[in-house]
Structures are given as C-alpha cells and as structure tokens.
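Enquirer: Following this line is structure_9.tsv, made up of TSV, C-alpha atoms:
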chain	number	residue	atom	x	y	z
A	1	MET	CA	73.41	64.77	-28.94
A	2	ALA	CA	72.48	66.45	-32.19
A	3	ASP	CA	73.04	63.17	-34.00
A	4	ASP	CA	70.66	61.36	-31.64
A	5	GLN	CA	67.77	63.48	-32.88
A	6	LYS	CA	67.79	61.32	-36.02
A	7	ASN	CA	66.62	58.27	-34.07
A	8	GLN	CA	63.04	57.27	-34.63
A	9	PRO	CA	60.79	57.34	-31.52
A	10	LEU	CA	60.75	54.03	-29.72
A	11	ASN	CA	57.26	54.29	-28.28
A	12	ASP	CA	53.96	56.05	-28.70
A	13	ALA	CA	52.31	57.31	-25.52
A	14	HIS	CA	48.55	57.75	-25.62
A	15	PRO	CA	46.94	60.58	-23.63
A	16	LYS	CA	44.55	59.65	-20.89
A	17	ASP	CA	40.97	60.78	-21.36
A	18	ILE	CA	40.61	63.91	-19.25
A	19	THR	CA	38.33	66.92	-19.50
A	20	ARG	CA	39.71	70.42	-19.91
A	21	ARG	CA	38.14	71.44	-16.58
A	22	ASP	CA	39.59	68.43	-14.73
A	23	PHE	CA	43.00	68.98	-16.33
A	24	THR	CA	43.10	72.62	-15.24
A	25	ALA	CA	41.93	71.80	-11.74
A	26	ILE	CA	44.62	69.18	-11.25
A	27	LEU	CA	47.30	71.49	-12.60
A	28	VAL	CA	46.28	74.21	-10.17
A	29	GLY	CA	46.62	71.66	-7.39
A	30	ALA	CA	50.05	70.42	-8.47
A	31	SER	CA	51.93	69.31	-5.38
A	32	LEU	CA	54.67	71.49	-3.97
A	33	ALA	CA	57.45	70.26	-1.70
A	34	THR	CA	60.99	70.76	-0.47
A	35	THR	CA	61.34	74.52	-0.63
A	36	VAL	CA	64.94	75.70	-0.83
A	37	GLN	CA	66.05	79.32	-0.81
A	38	SER	CA	69.05	80.37	-2.86
A	39	ALA	CA	70.71	83.75	-3.19
A	40	GLU	CA	72.32	84.31	-6.58
A	41	ALA	CA	75.31	86.59	-7.03
A	42	LYS	CA	73.16	88.92	-9.11
A	43	GLY	CA	69.53	89.76	-8.61
A	44	PRO	CA	67.09	88.92	-5.83
A	45	GLU	CA	66.96	85.88	-3.63
A	46	VAL	CA	64.98	83.08	-5.25
A	47	VAL	CA	62.95	80.13	-3.99
A	48	GLU	CA	63.37	76.67	-5.54
A	49	THR	CA	60.58	74.15	-5.07
A	50	ASP	CA	60.19	70.56	-6.28
A	51	VAL	CA	56.80	70.18	-7.98
A	52	GLU	CA	54.75	67.57	-9.77
A	53	ILE	CA	52.86	68.53	-12.93
A	54	LEU	CA	50.10	66.35	-14.30
A	55	THR	CA	50.25	65.92	-18.07
A	56	PRO	CA	47.96	63.87	-20.33
A	57	ASP	CA	50.56	61.08	-20.18
A	58	GLY	CA	51.48	61.02	-16.49
A	59	THR	CA	53.10	63.04	-13.73
A	60	CYS	CA	56.21	65.08	-14.45
A	61	ASP	CA	58.72	65.88	-11.72
A	62	ALA	CA	60.03	69.42	-12.09
A	63	ALA	CA	61.65	72.38	-10.37
A	64	PHE	CA	59.76	75.66	-9.93
A	65	ILE	CA	62.02	78.63	-9.18
A	66	HIS	CA	61.03	82.25	-8.65
A	67	PRO	CA	61.96	85.42	-6.76
A	68	THR	CA	60.82	85.42	-3.14
A	69	SER	CA	58.18	88.07	-3.71
A	70	GLY	CA	55.95	89.41	-6.45
A	71	SER	CA	54.73	87.95	-9.73
A	72	HIS	CA	56.91	87.75	-12.82
A	73	PRO	CA	56.85	86.59	-16.45
A	74	GLY	CA	57.07	82.82	-16.75
A	75	VAL	CA	59.93	80.87	-18.33
A	76	LEU	CA	60.08	77.24	-19.44
A	77	ILE	CA	63.53	75.62	-19.67
A	78	TRP	CA	63.78	72.55	-21.89
A	79	PRO	CA	66.88	70.61	-20.72
A	80	ASP	CA	69.35	68.78	-22.91
A	81	ALA	CA	69.48	64.99	-23.20
A	82	PHE	CA	70.67	64.66	-19.58
A	83	GLY	CA	67.45	66.21	-18.31
A	84	LEU	CA	66.62	67.81	-14.99
A	85	ARG	CA	69.72	67.89	-12.77
A	86	PRO	CA	71.76	70.36	-10.67
A	87	ALA	CA	73.27	72.10	-13.72
A	88	MET	CA	69.82	72.82	-15.19
A	89	ARG	CA	68.45	73.85	-11.81
A	90	ALA	CA	71.33	76.32	-11.53
A	91	MET	CA	70.37	77.81	-14.90
A	92	GLY	CA	66.81	78.08	-13.63
A	93	ARG	CA	67.96	79.90	-10.50
A	94	ARG	CA	70.07	82.25	-12.55
A	95	ILE	CA	67.29	83.30	-14.91
A	96	ALA	CA	64.84	83.51	-11.99
A	97	ALA	CA	67.23	85.98	-10.35
A	98	GLU	CA	66.76	88.18	-13.42
A	99	GLY	CA	63.09	88.50	-12.46
A	100	TYR	CA	61.30	85.45	-13.90
A	101	SER	CA	59.27	82.54	-12.54
A	102	VAL	CA	60.77	79.41	-14.03
A	103	VAL	CA	59.81	75.77	-14.50
A	104	VAL	CA	62.46	73.18	-15.36
A	105	PRO	CA	60.79	69.82	-16.10
A	106	ASN	CA	62.15	66.32	-16.29
A	107	PRO	CA	61.32	65.74	-19.96
A	108	PHE	CA	61.75	61.98	-19.54
A	109	TYR	CA	59.06	61.48	-16.89
A	110	ARG	CA	57.27	58.90	-19.08
A	111	VAL	CA	60.29	56.62	-18.68
A	112	SER	CA	61.96	57.64	-15.43
A	113	LYS	CA	62.31	60.18	-12.69
A	114	ALA	CA	65.16	62.62	-13.44
A	115	PRO	CA	67.76	60.04	-14.56
A	116	PHE	CA	71.03	61.99	-14.25
A	117	THR	CA	72.63	64.06	-11.52
A	118	ASP	CA	75.78	64.93	-13.47
A	119	ALA	CA	76.75	64.71	-17.13
A	120	SER	CA	80.48	65.20	-16.65
A	121	ASN	CA	81.36	61.50	-16.68
A	122	PHE	CA	79.31	60.63	-19.75
A	123	ASN	CA	81.28	59.23	-22.68
A	124	PHE	CA	79.81	60.01	-26.11
A	125	GLN	CA	82.09	57.41	-27.69
A	126	ASN	CA	80.80	54.63	-25.41
A	127	PRO	CA	77.93	52.70	-27.06
A	128	ASP	CA	76.57	51.68	-23.67
A	129	ASP	CA	76.39	55.30	-22.52
A	130	MET	CA	74.71	56.36	-25.75
A	131	ALA	CA	72.22	53.50	-25.45
A	132	LYS	CA	70.99	55.01	-22.18
A	133	LEU	CA	70.02	58.25	-23.91
A	134	ARG	CA	68.05	56.91	-26.85
A	135	PRO	CA	64.91	55.66	-25.07
A	136	LEU	CA	64.89	58.79	-22.92
A	137	MET	CA	65.02	61.10	-25.91
A	138	ALA	CA	62.52	58.98	-27.84
A	139	SER	CA	59.98	59.38	-25.04
A	140	VAL	CA	59.73	63.15	-25.45
A	141	ASN	CA	60.38	63.26	-29.20
A	142	ALA	CA	57.53	60.87	-30.08
A	143	PRO	CA	55.02	62.71	-32.29
A	144	GLY	CA	52.84	65.09	-30.30
A	145	ASN	CA	54.49	64.52	-26.93
A	146	ALA	CA	56.44	67.79	-26.75
A	147	GLU	CA	53.33	69.78	-27.64
A	148	LYS	CA	51.23	68.05	-24.97
A	149	ASP	CA	53.96	68.56	-22.41
A	150	ALA	CA	54.51	72.21	-23.29
A	151	THR	CA	50.79	72.88	-22.90
A	152	ALA	CA	50.85	71.28	-19.44
A	153	TYR	CA	53.96	73.14	-18.33
A	154	VAL	CA	52.61	76.50	-19.46
A	155	ALA	CA	49.26	75.78	-17.79
A	156	PHE	CA	51.16	75.01	-14.59
A	157	LEU	CA	53.01	78.31	-14.80
A	158	ASP	CA	49.80	80.23	-15.45
A	159	ALA	CA	48.21	78.68	-12.37
A	160	GLN	CA	50.94	79.99	-10.04
A	161	LYS	CA	50.52	83.28	-8.18
A	162	GLN	CA	54.21	84.02	-8.79
A	163	VAL	CA	53.57	84.20	-12.56
A	164	LYS	CA	52.33	87.40	-14.16
A	165	THR	CA	49.87	85.98	-16.66
A	166	LYS	CA	49.45	89.30	-18.48
A	167	LYS	CA	53.03	88.92	-19.67
A	168	LYS	CA	54.17	86.50	-22.37
A	169	ILE	CA	56.17	83.39	-21.45
A	170	GLY	CA	59.74	82.68	-22.53
A	171	ALA	CA	61.13	79.29	-23.52
A	172	GLN	CA	64.79	78.32	-23.71
A	173	GLY	CA	66.30	74.98	-24.65
A	174	TYR	CA	69.68	73.29	-24.91
A	175	CYS	CA	70.79	70.59	-27.38
A	176	MET	CA	67.71	68.36	-27.61
A	177	GLY	CA	65.73	71.15	-25.98
A	178	GLY	CA	66.34	73.57	-28.85
A	179	ALA	CA	63.89	71.82	-31.16
A	180	LEU	CA	61.43	71.50	-28.28
A	181	VAL	CA	61.47	75.28	-27.89
A	182	VAL	CA	60.44	75.65	-31.53
A	183	ARG	CA	57.63	73.12	-31.08
A	184	THR	CA	56.51	74.92	-27.92
A	185	ALA	CA	56.39	78.29	-29.65
A	186	ALA	CA	54.39	76.80	-32.53
A	187	ALA	CA	51.96	74.94	-30.25
A	188	LEU	CA	51.26	77.98	-28.03
A	189	PRO	CA	51.73	81.01	-30.31
A	190	ASP	CA	49.53	83.32	-28.26
A	191	ARG	CA	51.34	82.53	-25.00
A	192	ILE	CA	55.01	82.18	-25.94
A	193	GLY	CA	56.62	85.58	-26.52
A	194	ALA	CA	60.27	84.54	-26.82
A	195	GLY	CA	62.13	81.37	-27.70
A	196	ALA	CA	65.86	80.68	-27.50
A	197	SER	CA	67.69	77.60	-28.77
A	198	PHE	CA	71.32	77.02	-27.80
A	199	HIS	CA	73.25	74.34	-29.72
A	200	GLY	CA	69.88	72.90	-30.67
A	201	GLY	CA	69.80	69.49	-32.32
A	202	GLY	CA	67.51	68.50	-35.17
A	203	LEU	CA	66.27	72.01	-35.94
A	204	VAL	CA	66.44	71.42	-39.70
A	205	THR	CA	65.79	67.97	-41.14
A	206	ASP	CA	64.53	66.61	-44.45
A	207	LYS	CA	61.36	65.28	-42.82
A	208	PRO	CA	57.90	66.87	-43.15
A	209	ASP	CA	57.80	67.49	-39.39
A	210	SER	CA	61.12	69.37	-39.27
A	211	PRO	CA	60.95	72.09	-36.58
A	212	HIS	CA	62.03	74.88	-38.96
A	213	LEU	CA	58.87	74.27	-41.02
A	214	LEU	CA	56.81	75.39	-38.02
A	215	ALA	CA	57.91	79.01	-38.46
A	216	PRO	CA	54.54	80.16	-39.93
A	217	LYS	CA	52.80	79.07	-36.70
A	218	ILE	CA	55.12	81.06	-34.44
A	219	LYS	CA	54.56	84.58	-33.11
A	220	ALA	CA	57.43	84.64	-30.61
A	221	ARG	CA	60.69	86.49	-31.07
A	222	MET	CA	63.31	83.79	-31.65
A	223	TYR	CA	67.04	83.38	-31.11
A	224	PHE	CA	69.23	80.52	-32.37
A	225	GLY	CA	72.77	80.08	-31.07
A	226	ILE	CA	74.48	77.45	-33.22
A	227	ALA	CA	77.70	75.63	-32.29
A	228	ALA	CA	80.50	75.81	-34.83
A	229	SER	CA	80.81	72.02	-34.64
A	230	ASP	CA	77.14	71.65	-35.60
A	231	ASP	CA	77.49	74.25	-38.34
A	232	SER	CA	80.40	72.35	-39.88
A	233	ARG	CA	78.31	69.16	-40.02
A	234	GLN	CA	75.23	70.90	-41.44
A	235	PRO	CA	76.35	74.21	-42.93
A	236	ASP	CA	73.06	74.88	-44.72
A	237	ALA	CA	70.91	74.58	-41.57
A	238	LYS	CA	71.39	78.21	-40.53
A	239	ASP	CA	70.41	79.39	-44.00
A	240	LYS	CA	67.28	77.25	-44.04
A	241	LEU	CA	66.35	78.53	-40.59
A	242	LYS	CA	66.85	82.11	-41.71
A	243	GLU	CA	64.81	81.57	-44.89
A	244	ALA	CA	61.95	79.86	-43.06
A	245	PHE	CA	61.56	82.54	-40.40
A	246	SER	CA	62.07	85.37	-42.84
A	247	ALA	CA	59.37	83.98	-45.14
A	248	ALA	CA	57.04	83.67	-42.15
A	249	LYS	CA	57.87	87.25	-41.11
A	250	VAL	CA	58.91	86.05	-37.66
A	251	SER	CA	61.74	87.88	-35.89
A	252	ALA	CA	64.66	85.46	-35.57
A	253	GLU	CA	68.33	86.11	-34.87
A	254	ILE	CA	70.74	83.33	-35.83
A	255	GLU	CA	74.40	83.24	-34.76
A	256	VAL	CA	77.19	80.70	-35.01
A	257	TYR	CA	79.42	80.49	-31.92
A	258	PRO	CA	83.08	79.38	-32.04
A	259	ALA	CA	82.31	76.52	-29.67
A	260	GLN	CA	81.40	72.84	-29.47
A	261	HIS	CA	77.90	71.41	-29.34
A	262	GLY	CA	76.84	71.73	-25.69
A	263	TRP	CA	79.04	74.74	-24.88
A	264	CYS	CA	76.49	76.50	-22.65
A	265	VAL	CA	76.07	73.75	-20.04
A	266	PRO	CA	78.63	73.72	-17.19
A	267	ASP	CA	78.63	69.99	-16.44
A	268	MET	CA	79.30	68.83	-20.00
A	269	PRO	CA	82.08	66.21	-20.23
A	270	VAL	CA	85.33	66.40	-22.15
A	271	ARG	CA	84.96	65.37	-25.78
A	272	ASP	CA	87.84	64.46	-28.09
A	273	GLY	CA	90.24	65.62	-25.38
A	274	ALA	CA	88.77	69.13	-25.07
A	275	PRO	CA	86.20	70.55	-22.64
A	276	ILE	CA	82.78	71.12	-24.19
A	277	TYR	CA	81.74	73.91	-21.81
A	278	ASN	CA	83.10	77.27	-22.93
A	279	LYS	CA	82.57	79.85	-20.21
A	280	ALA	CA	83.29	82.94	-22.31
A	281	GLU	CA	80.94	81.92	-25.11
A	282	ALA	CA	78.35	80.66	-22.61
A	283	GLU	CA	78.33	84.08	-20.97
A	284	ARG	CA	77.89	85.74	-24.36
A	285	ALA	CA	74.95	83.43	-25.07
A	286	TRP	CA	73.48	84.18	-21.64
A	287	ALA	CA	73.62	87.91	-22.31
A	288	LYS	CA	71.72	87.32	-25.56
A	289	LEU	CA	69.08	85.35	-23.66
A	290	VAL	CA	68.60	88.05	-21.02
A	291	ALA	CA	68.34	90.74	-23.70
A	292	LEU	CA	65.79	88.68	-25.60
A	293	TYR	CA	63.58	88.23	-22.55
A	294	LYS	CA	63.83	91.88	-21.55
A	295	ALA	CA	62.74	92.94	-25.03
A	296	ALA	CA	60.04	90.33	-25.69
A	297	LEU	CA	58.56	89.65	-22.25
A	298	ALA	CA	58.41	93.24	-20.99
Output the file's structure as structure tokens, nothing else.
Expert:
Amino acid sequence: MADDQKNQPLNDAHPKDITRRDFTAILVGASLATTVQSAEAKGPEVVETDVEILTPDGTCDAAFIHPTSGSHPGVLIWPDAFGLRPAMRAMGRRIAAEGYSVVVPNPFYRVSKAPFTDASNFNFQNPDDMAKLRPLMASVNAPGNAEKDATAYVAFLDAQKQVKTKKKIGAQGYCMGGALVVRTAAALPDRIGAGASFHGGGLVTDKPDSPHLLAPKIKARMYFGIAASDDSRQPDAKDKLKEAFSAAKVSAEIEVYPAQHGWCVPDMPVRDGAPIYNKAEAERAWAKLVALYKAALA
C-alpha cells in the first residue's frame, strides 16, 4: 500500500457551496442508527453507532464508538486502503474502551460505501486486486480532500455530547492513513493534540506537498511507527521525518519495528508466504498509542 501512494489522483472533487452556519447545523444533526453495545476485555462497555457525516463533498458513512456514559476526548481513526470494516471498527472499540469517543470514517465515501468487509483474501500481487484500490485511494488523496474531510470529522466529534471539547483530539492512521494523520494535524493545529502513524505510506516524498513538509504547521505531539520493510525501501525517510519535526520544534518520536508494512492490522493477508499481522509488535505499537494519548490528551 505504501507504493500506491505514488499514484496521481484520478479525480478532483469540488466542494458544494455551503455556509459555515449551515455546515455546522447539518453536522450537529448527523443521523445516528443501529446502536450496538460491546464489552471489551479491558475498560468500560462501549456503544457503537453507525452515523452519517456531511462533508463539503457528500455524505460519509462512519462508525461512532464511545463509553456508555460520560464525555471523553475525541479520536479520529484514519483507516488503511481497505477502509471502514470490522477490523477497523474493532480498533475503534478498543481505543474507546480506554476512555475515548471515536469516529472511524469510510474515507472512500466519494466513490463508494465502505467497500471491504475483510482484507485477508486480498492479493497484492494480483493486478486486478490492486486496480480496485487505486480509485479508492485517489478519491481521498486528491489535493485538499483529506483536509476538508478531517475538518468535517472533527466538527462531528465536537458536536457530540460524548466528546469533551475542552480536551484535544487524537488522530491515528494506518498505511494510507498515516499521511492523512499528518495532514489532519496540520489542517487543525489548535484542535489535534496527538497524531500517530503506523506503517504510514507516502510520509516523505520528493514532491512539494510531501506530508513531512507540513511539520511547521503542526502543534500536536506525534508518533511514527515505521515497518522494517518500508525502512529498507526508503531508509532516509525516518531521518527526513526526524529533521523536519526537529526543525519545527514539534515533539515527534520515530521508531522502526521489525515487522512488515501493515503489521498492526489483524485482517491483513499473507504476503510473500508470511503473515503481515504481527501480534507482538502490534501490541507494542498499541501501548505506544495509549501512552501518547494519555500524555497529550489529558
């Protein structure tokens, strides 16, 4: 999936004309349906609700997950290239059980409702399979789209009674979602307090819009977990990330994990004869995420 970030966007969506007041009003009235309660092994019972969030480009289907009582700091989860599906919902439930109110959007809503239910049968070596991902990824990676979407998702969170708006919001992303976290933190510097990228793709490019160049716009505390397989393909990326955030005087921890690209996501398929998901390293990454949120969103 990291390689797919190099594809040029296939379309340009144009925002609908909408006033700030109308936009806020519609967000506050975002539809809620299909409430499901889920008790996690750790932490409180949480409620998972299917929601619709109006953005300047359309209506995004999403999951909103939060503890059954009280208000809590908000969290935005940017999925990988397989989008909103049970594996990402499970991650949302797990972080919600730590005491957060979480939105997990379908980042491909411009093209399709959540297109995948399971990534385990996907074949990265199959051109037909890869061809399915490119227009999906292009729809959210088109210039300006991630920033518009992030603004809508954060506005949705801030309109919910289960979100403690006096606290900063956290953003976490996987694969494709890693770069979207950086763009979110840069677009909403006064609202995003923590950002975490796990096996993020396209974080450092040679283009003028490379995510790492956004460091001066960011105020959030950042964490980058890099897969060893990604590091071997682009060994200077971690150094450029470190230099950019250091020069911007933004707190950023950068680590390379002995794992494949995609190691944090449980439903990843086998690649080159070996499983991508690495439970031990995924748990280590999860502990880093929880520590980050506890420190930056307190």
Enquirer: Applying 8 Å and all atoms listed in the file, which residues near segment 123-133 of chain A remain after dropping the ones on its own chain fewer than 5 positions away? List them as a ChimeraX atom specification.
Expert: /A:81-82,269,271
Enquirer: Using only C-alpha atoms, which residues sit within 8 Å of His199 of chain A once same-chain residues fewer than 3 positions away are excluded, as a list in words?
Expert: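 The neighbour list is Tyr174, Cys175, Gly178, Phe224, Gly225, Ile226, Ala227, Asp230, His261, Gly262 and Trp263 of chain A.
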Enquirer: In Å, how far is it from atom CA of Gly200 of chain A to atom CA of Val140 of chain A?
Expert: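 According to the coordinates, atom CA of Gly200 of chain A and atom CA of Val140 of chain A are separated by 15.0 Å.
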Enquirer: What's around segment 161-172 of chain A at 10 Å? Count only C-alpha atoms, leave out sequence neighbours fewer than 2 positions away in its own chain, and write the answer as number ranges by chain.
Expert: A: 65-79, 100-103, 150, 154, 156-159, 174, 177-182, 184-185, 188-198, 220-224, 289, 292-293, 296-298
Enquirer: Provide the atom CA of Val250 of chain A to atom CA of Ser210 of chain A distance in Å, to one decimal place.
Expert: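 It comes out at 16.9 Å.
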Enquirer: Can you tell me, as a count of residues only, what residues are no more than 10 Å from segment 205-209 of chain A when counting only C-alpha atoms, ignoring any on the same chain fewer than 2 positions away?
Expert: 13
